[in-house]
Each structure stands twice: as C-alpha cells, then as structure tokens.
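K.L.:
Contents are mmCIF, C-alpha atoms and all ligand atoms; file name entry-v9.cif:
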```
data_upload
#
loop_
_atom_site.label_atom_id
_atom_site.label_comp_id
_atom_site.auth_asym_id
_atom_site.auth_seq_id
_atom_site.Cartn_x
_atom_site.Cartn_y
_atom_site.Cartn_z
CA MET A 9 0.00 0.00 0.00
CA THR A 10 2.79 2.38 0.89
CA LEU A 11 4.38 1.61 -2.42
CA LEU A 12 1.25 2.52 -4.33
CA VAL A 13 0.87 5.77 -2.46
CA ASN A 14 4.50 6.65 -3.06
CA ALA A 15 4.18 5.77 -6.69
CA ILE A 16 1.22 8.09 -7.17
CA LYS A 17 2.91 10.85 -5.27
CA THR A 18 6.10 10.53 -7.24
CA LYS A 19 4.24 10.56 -10.49
CA TYR A 20 2.26 13.71 -9.92
CA TYR A 21 4.44 15.75 -7.63
CA LYS A 22 8.02 15.05 -8.50
CA VAL A 23 8.23 18.62 -9.53
CA ALA A 24 10.02 21.86 -9.25
CA PHE A 25 8.74 22.59 -5.82
CA HIS A 26 8.74 25.88 -4.06
CA THR A 27 8.86 27.41 -0.68
CA ARG A 28 5.63 28.95 0.52
CA SER A 29 4.85 32.02 -1.45
CA VAL A 30 4.56 35.42 0.15
CA ARG A 31 1.84 37.65 -1.15
CA HIS A 32 2.65 41.28 -1.43
CA LEU A 33 0.33 43.36 0.65
CA ASN A 34 -0.03 46.03 -1.98
CA SER A 35 -1.66 43.60 -4.42
CA VAL A 36 -5.25 44.42 -5.22
CA ALA A 37 -7.95 41.81 -5.47
CA VAL A 38 -10.04 42.28 -8.58
CA GLY A 39 -13.18 40.35 -9.32
CA ASP A 40 -13.35 38.08 -12.30
CA SER A 41 -15.73 39.77 -14.69
CA LYS A 42 -16.70 36.46 -16.25
CA SER A 43 -18.13 34.82 -13.20
CA GLU A 44 -21.84 34.26 -13.04
CA GLY A 45 -24.13 35.31 -10.24
CA ASP A 46 -23.26 37.64 -7.43
CA ALA A 47 -19.83 36.85 -6.07
CA PRO A 48 -16.75 36.22 -8.19
CA LEU A 49 -15.04 32.85 -7.84
CA VAL A 50 -11.70 34.05 -9.13
CA ILE A 51 -9.84 37.11 -7.87
CA GLY A 52 -6.32 38.21 -8.59
CA SER A 53 -3.49 40.66 -8.14
CA SER A 54 -4.52 42.75 -11.15
CA ARG A 55 -7.22 43.09 -13.73
CA ALA A 56 -4.62 42.54 -16.42
CA LEU A 57 -3.65 39.17 -14.99
CA LEU A 58 -7.26 38.09 -14.70
CA GLN A 59 -7.82 39.02 -18.31
CA LYS A 60 -4.69 37.27 -19.47
CA LEU A 61 -5.53 34.06 -17.67
CA GLY A 62 -9.28 34.32 -18.08
CA THR A 63 -9.59 31.41 -20.48
CA GLN A 64 -6.98 29.32 -18.67
CA VAL A 65 -8.62 29.28 -15.28
CA GLU A 66 -12.21 28.22 -14.80
CA VAL A 67 -14.38 27.45 -11.80
CA ARG A 68 -17.80 25.99 -12.52
CA PRO A 69 -19.95 25.99 -9.39
CA ALA A 70 -22.54 23.25 -8.87
CA PHE A 71 -21.01 21.15 -11.61
CA ILE A 72 -22.40 18.04 -9.95
CA THR A 73 -25.56 17.56 -7.91
CA GLU A 74 -25.72 16.37 -4.31
CA GLU A 75 -26.82 12.98 -5.63
CA GLU A 76 -23.83 12.77 -7.94
CA GLU A 77 -21.51 13.77 -5.12
CA GLY A 78 -23.09 11.00 -3.05
CA ALA A 79 -22.54 8.47 -5.83
CA LEU A 80 -18.87 9.38 -6.15
CA LEU A 81 -18.38 9.21 -2.38
CA LEU A 82 -20.12 5.86 -2.16
CA GLU A 83 -17.79 4.47 -4.76
CA LEU A 84 -14.62 5.95 -3.25
CA GLU A 85 -15.12 5.80 0.48
CA ALA A 86 -14.57 2.07 1.04
CA GLY A 87 -11.19 2.08 -0.67
CA LEU A 88 -10.03 5.30 0.95
CA LYS A 89 -11.05 4.16 4.42
CA LYS A 90 -8.55 1.32 4.23
CA LYS A 91 -5.72 3.81 4.02
CA ARG A 92 -4.35 6.05 6.69
CA TYR A 93 -3.90 9.78 6.24
CA GLU A 94 -0.24 10.63 5.78
CA PHE A 95 1.24 13.50 7.68
CA ASP A 96 4.64 13.57 6.14
CA HIS A 97 7.66 15.66 6.79
CA TRP A 98 7.73 19.31 5.90
CA ASP A 99 9.08 19.14 2.36
CA ASP A 100 6.34 16.94 0.89
CA ALA A 101 3.88 18.62 -1.43
CA ILE A 102 0.82 17.42 0.42
CA HIS A 103 0.16 17.20 4.12
CA GLY A 104 -2.59 15.13 5.73
CA PHE A 105 -3.86 13.11 2.82
CA ARG A 106 -4.60 9.70 1.41
CA GLU A 107 -5.03 8.99 -2.24
CA THR A 108 -5.88 6.45 -4.86
CA GLU A 109 -6.24 6.08 -8.59
CA ARG A 110 -9.26 4.60 -10.31
CA LEU A 111 -9.58 3.39 -13.84
CA THR A 112 -13.05 1.84 -13.88
CA TRP A 113 -16.19 3.37 -12.48
CA SER A 114 -19.84 2.54 -12.11
CA GLU A 115 -22.04 3.73 -14.93
CA GLY A 116 -23.33 6.72 -12.98
CA CYS A 117 -19.87 7.93 -12.01
CA GLN A 118 -18.53 7.28 -15.48
CA ALA A 119 -21.21 9.60 -16.82
CA ILE A 120 -20.02 12.36 -14.47
CA LEU A 121 -16.42 11.89 -15.58
CA THR A 122 -17.44 11.94 -19.22
CA ARG A 123 -19.06 15.31 -18.57
CA VAL A 124 -15.91 16.57 -16.85
CA ARG A 125 -13.80 15.46 -19.77
CA SER A 126 -16.10 16.98 -22.34
CA VAL A 127 -15.93 20.45 -20.79
CA ALA A 128 -12.32 20.45 -19.63
CA PHE A 129 -10.44 18.90 -22.51
CA ALA A 130 -10.35 19.55 -26.22
CA SER A 131 -11.97 16.71 -28.12
CA GLY A 132 -9.38 14.23 -29.29
CA SER A 133 -6.83 15.09 -26.59
CA SER A 134 -5.28 12.13 -24.81
CA LEU A 135 -6.02 11.84 -21.14
CA LEU A 136 -4.32 10.06 -18.32
CA GLY A 137 -6.36 6.87 -17.99
CA PRO A 138 -6.70 6.54 -14.24
CA VAL A 139 -8.46 9.31 -12.38
CA HIS A 140 -6.54 10.59 -9.35
CA VAL A 141 -8.48 10.79 -6.11
CA LEU A 142 -7.03 12.86 -3.29
CA ASP A 143 -8.59 12.84 0.16
CA LEU A 144 -7.43 15.70 2.38
CA ASP A 145 -8.05 15.47 6.09
CA LYS A 146 -9.64 18.55 7.65
CA SER A 147 -6.15 19.60 8.71
CA GLY A 148 -4.63 18.59 5.38
CA TYR A 149 -3.42 20.96 2.69
CA ILE A 150 -1.47 21.12 -0.55
CA LYS A 151 1.67 23.25 -0.69
CA PRO A 152 2.58 25.30 -3.77
CA HIS A 153 3.75 23.06 -6.58
CA ILE A 154 3.59 22.60 -10.32
CA ASP A 155 2.40 19.22 -11.55
CA SER A 156 5.05 17.09 -13.18
CA VAL A 157 5.46 18.04 -16.82
CA LYS A 158 6.73 14.55 -17.48
CA PHE A 159 3.45 12.89 -16.56
CA CYS A 160 0.80 15.57 -17.03
CA GLY A 161 -0.11 17.60 -20.08
CA SER A 162 -1.47 21.11 -20.43
CA THR A 163 -4.84 20.67 -18.67
CA ILE A 164 -5.73 19.71 -15.12
CA SER A 165 -9.31 19.59 -13.88
CA GLY A 166 -10.76 18.66 -10.54
CA LEU A 167 -14.08 18.10 -8.83
CA SER A 168 -14.23 19.15 -5.19
CA LEU A 169 -16.29 16.97 -2.86
CA LEU A 170 -17.31 17.46 0.80
CA SER A 171 -15.85 20.93 1.39
CA ASP A 172 -15.36 24.39 -0.03
CA SER A 173 -11.71 25.32 -0.39
CA VAL A 174 -9.41 27.98 -1.76
CA MET A 175 -6.87 27.29 -4.48
CA ARG A 176 -4.08 29.84 -4.84
CA LEU A 177 -2.05 30.31 -8.01
CA VAL A 178 1.23 32.23 -7.77
CA LYS A 179 3.46 33.04 -10.74
CA GLU A 180 6.59 31.03 -10.30
CA ASP A 181 9.01 33.79 -11.29
CA SER A 182 6.98 36.78 -10.08
CA GLN A 183 5.40 36.10 -6.74
CA ASN A 184 3.29 39.23 -6.58
CA GLU A 185 1.22 37.94 -9.49
CA TRP A 186 -1.46 35.68 -8.09
CA LEU A 187 -5.01 34.43 -8.44
CA ASP A 188 -7.23 32.96 -5.77
CA LEU A 189 -9.96 30.52 -6.79
CA LEU A 190 -12.90 29.81 -4.55
CA LEU A 191 -13.72 26.14 -5.10
CA PRO A 192 -17.20 25.55 -3.72
CA ARG A 193 -18.16 22.02 -2.76
CA ARG A 194 -19.34 20.18 -5.94
CA SER A 195 -17.62 22.64 -8.28
CA LEU A 196 -15.24 21.83 -11.10
CA TYR A 197 -12.04 23.76 -11.66
CA ILE A 198 -9.88 23.72 -14.78
CA LEU A 199 -6.29 24.94 -15.13
CA ARG A 200 -4.79 25.19 -18.58
CA ASP A 201 -1.57 26.23 -20.30
CA GLN A 202 0.28 29.08 -18.52
CA ALA A 203 -1.96 28.78 -15.48
CA ARG A 204 -0.82 25.19 -15.24
CA TYR A 205 2.85 25.58 -16.24
CA ASP A 206 3.90 29.05 -15.03
CA PHE A 207 1.98 29.29 -11.77
CA THR A 208 2.24 27.14 -8.68
CA HIS A 209 -1.07 25.98 -7.26
CA GLU A 210 -1.92 25.08 -3.70
CA ILE A 211 -4.94 24.34 -1.51
CA LEU A 212 -4.93 26.48 1.60
CA LYS A 213 -5.00 24.95 5.05
CA ASP A 214 -7.97 25.67 7.27
CA GLU A 215 -6.17 28.25 9.44
CA VAL A 216 -5.45 30.52 6.48
CA SER A 217 -8.35 29.58 4.24
CA THR A 218 -9.82 32.91 3.18
CA PHE A 219 -11.14 34.20 -0.12
CA ASN A 220 -11.46 37.91 -0.85
CA GLY A 221 -11.26 38.62 2.87
CA HIS A 222 -13.90 36.05 3.81
CA ARG A 223 -13.13 32.95 5.76
CA VAL A 224 -13.72 29.67 3.92
CA PRO A 225 -13.73 26.91 6.54
CA ARG A 226 -12.03 23.77 5.33
CA GLN A 227 -13.53 20.39 6.11
CA ARG A 228 -12.30 17.05 4.89
CA ARG A 229 -12.10 17.45 1.11
CA ILE A 230 -11.90 14.86 -1.64
CA SER A 231 -10.84 15.89 -5.12
CA VAL A 232 -11.33 13.83 -8.25
CA ILE A 233 -8.70 14.96 -10.73
CA CYS A 234 -8.49 14.37 -14.49
CA ARG A 235 -5.33 15.29 -16.37
CA SER A 236 -4.28 15.32 -19.98
CA LEU A 237 -1.19 13.46 -21.10
CA PRO A 238 1.91 15.31 -22.20
CA SER A 239 1.86 15.72 -25.96
C1 LIG B 301 -2.54 17.74 -7.20
C2 LIG B 301 -3.34 18.92 -6.86
C3 LIG B 301 -5.49 19.80 -6.30
C4 LIG B 301 -6.77 19.30 -5.78
O1 LIG B 301 -2.96 16.63 -6.79
O2 LIG B 301 -1.50 17.88 -7.85
O3 LIG B 301 -2.86 20.00 -7.06
O4 LIG B 301 -7.80 19.85 -6.19
N1 LIG B 301 -4.58 18.74 -6.41
O5 LIG B 301 -6.77 18.39 -4.97
MN MN B 302 -1.27 19.80 -8.56
#
```
Output the structure of this file as structure tokens.
P.N.:
Amino acid sequence: MTLLVNAIKTKYYKVAFHTRSVRHLNSVAVGDSKSEGDAPLVIGSSRALLQKLGTQVEVRPAFITEEEEGALLLELEAGLKKKRYEFDHWDDAIHGFRETERLTWSEGCQAILTRVRSVAFASGSSLLGPVHVLDLDKSGYIKPHIDSVKFCGSTISGLSLLSDSVMRLVKEDSQNEWLDLLLPRRSLYILRDQARYDFTHEILKDEVSTFNGHRVPRQRRISVICRSLPS
C-alpha cells in the first residue's frame, strides 16, 4: 500500500517545488468579470492578470448535484477508508492526505467523468487513464507546486467533494502575481496552459483559508482529478 501511495505521489508531484509564497500586501484583489451570479469565484493581483488568464482558469460551481456527489463518495469511500492519512515531513507537497487512482467506475460515475472530460479537454486530446483521487483530512493541505510536466499535459481539472476550499495560483518567477480561486463544494475547476505551467497551485489549510477577505472553513475534502497526457 505504501508503495502505491508513493508511486502516485512521485508521479504527480516530482516537480520543481517551491517554498511557501509570500503575497505582497499592496496587491489588489479584482473580481473576475466572467463569473456568473453575485460573487466572483476568481480574484487576482490585477485586472490585467485576470484578463490574461481568463480562459486558462475556470471554476464551474454546482457542476455536480448532491446525488452525484453521493454516488462518487459511495464508490470511493470504502477504498479510501482502508488507508491512513499521511502526515509527512515538511518538504512533501501534500500534508494530511490519502489517495488512490481509479480506472473503472460505475455507470453513474462514469457519466459524471465523461461530462468533466467533455468540458475540460479539447476533443481528441489524450487523457491520463486513471483518475486521481485525493482525500485531504480537515487539517490537510497542498503546498505550492507545479504538476510534473513529465506525466501531465497542459490541462488539469478537478471536482471538489465534501468541502469548499481555496486554491491559490502564484506566478513562479513573479510572486506578486497571483489568483485565488474559490472552489465551492461540488464545483469543477480547470487549469490550462500558462496557469498550469507558469503558476504554482496550492490548496490552503484551514487556518489561512480565506477568499477575498472572507473565511472559507475547510472540512475534509476529496478531489477527483483528471489530467491530460503530455503531448
Ligand atoms: C494535485 C493537486 C489539487 C486538488 O494533486 O497535484 O494540485 O484539487 N490537487 O486536490
Ligand atoms: Mn497539482
């Protein structure tokens, strides 16, 4: 079991990996003009950055229903429960997590994943076969990292189950350029191209989980992640 976990970790996170980013206090949060409804789901250090990355960062709230979330959980929970959360030493990319990969799904869940793939990936692009499932404990979090370019292509998409969370993107070579994404429970996020290659991404820990000045309490969170293959 340890071997499998290590293998997954190595595959996705053996990456250029960075110390925690410092946000410059003089950065201004600007709402994403594209978001629907009242509150923006993406804010950033400047309007220009939001415009530049507008098509490369997407958050789709309520992408799945409560029933669909339940179906995914039902299918995943038994396998995850057999594993213990790992609280590894400080330099690992993820703290307080267990994970698995899944290639075959029930019909209902397969239909959800087909929908994810159809909105997130260009038709005809090759995807990583197994779906990556990451279960973060309430105290778990993901440190800033860039997914391995050796194993993952230009698009990463993820469903968030069980909890709202905040994903932070920080430009690797210019740390005062950043975006924060509010990932509501049952939403889908998509990172493409520069947003995926030139920015680190992270999931904030509960203590510092805020979006646009508002606290976003973090519960246990399971993400279901689809990735394209490197071309
Ligand atoms: C990852 C990652 C984000 C998420 O596994 O590389 O960044 O939504 N996950 O869990
Ligand atoms: Mn990642």
K.L.:
Can you tell me which residues surround A:Arg226 at a distance of at most 9 Å, considering only C-alpha atoms, apart from same-chain residues fewer than 4 positions away, and format the answer as number ranges by chain?
P.N.:
A: 146-147, 171-174, 212-215, 217
K.L.:
Put the listed atoms of stretch 174-185 of chain A in a box along x, y and z with 6 Å added on every side and give me the centre and edge lengths in Å to one decimal, as lines of an AutoDock Vina configuration file.
P.N.:
```
center_x = -0.2
center_y = 33.3
center_z = -6.5
size_x = 30.4
size_y = 23.9
size_z = 21.5
```
K.L.:
Show me, as a list in words, the residues that have an atom within 7 Å of A:Arg229 when counting only C-alpha atoms, minus same-chain residues fewer than 4 positions from it.
P.N.:
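So, after excluding close chain neighbours, the residues are Asp143, Leu144, Asp145, Ser168, Leu169, Leu170 and Ser171 of chain A.
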K.L.:
Residues at most 8 Å from stretch 104-117 of chain A, counting all atoms listed in the file, excluding those fewer than 2 positions away in the same chain, as a list in words?
P.N.:
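Once the nearby chain positions are removed, what remains is Val13, Ile16, Glu76, Ala79, Leu80, Glu83, Leu88, Lys91, Arg92, Tyr93, Glu94, Phe95, Asp96, Ile102, Ala119, Ile120, Leu121, Gly137, Pro138, Val139, His140, Val141, Leu142, Asp143, Leu144, Asp145, Ser147, Gly148 and Tyr149 of chain A.
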K.L.:
With only C-alpha atoms and all ligand atoms counted, collect every polymer residue having an atom within 10 Å of ligand LIG 301 (chain B); state the result as number ranges by chain.
P.N.:
A: 16-17, 19-23, 101-102, 105, 107, 140-144, 149-156, 160, 164-169, 173-175, 191, 196-198, 204, 208-211, 229-235
K.L.:
Distance atom CA of A:Leu189-atom CA of A:Phe129, one decimal place?
P.N.:
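Answer for the atom CA of A:Leu189 to atom CA of A:Phe129 separation: 19.6 Å.
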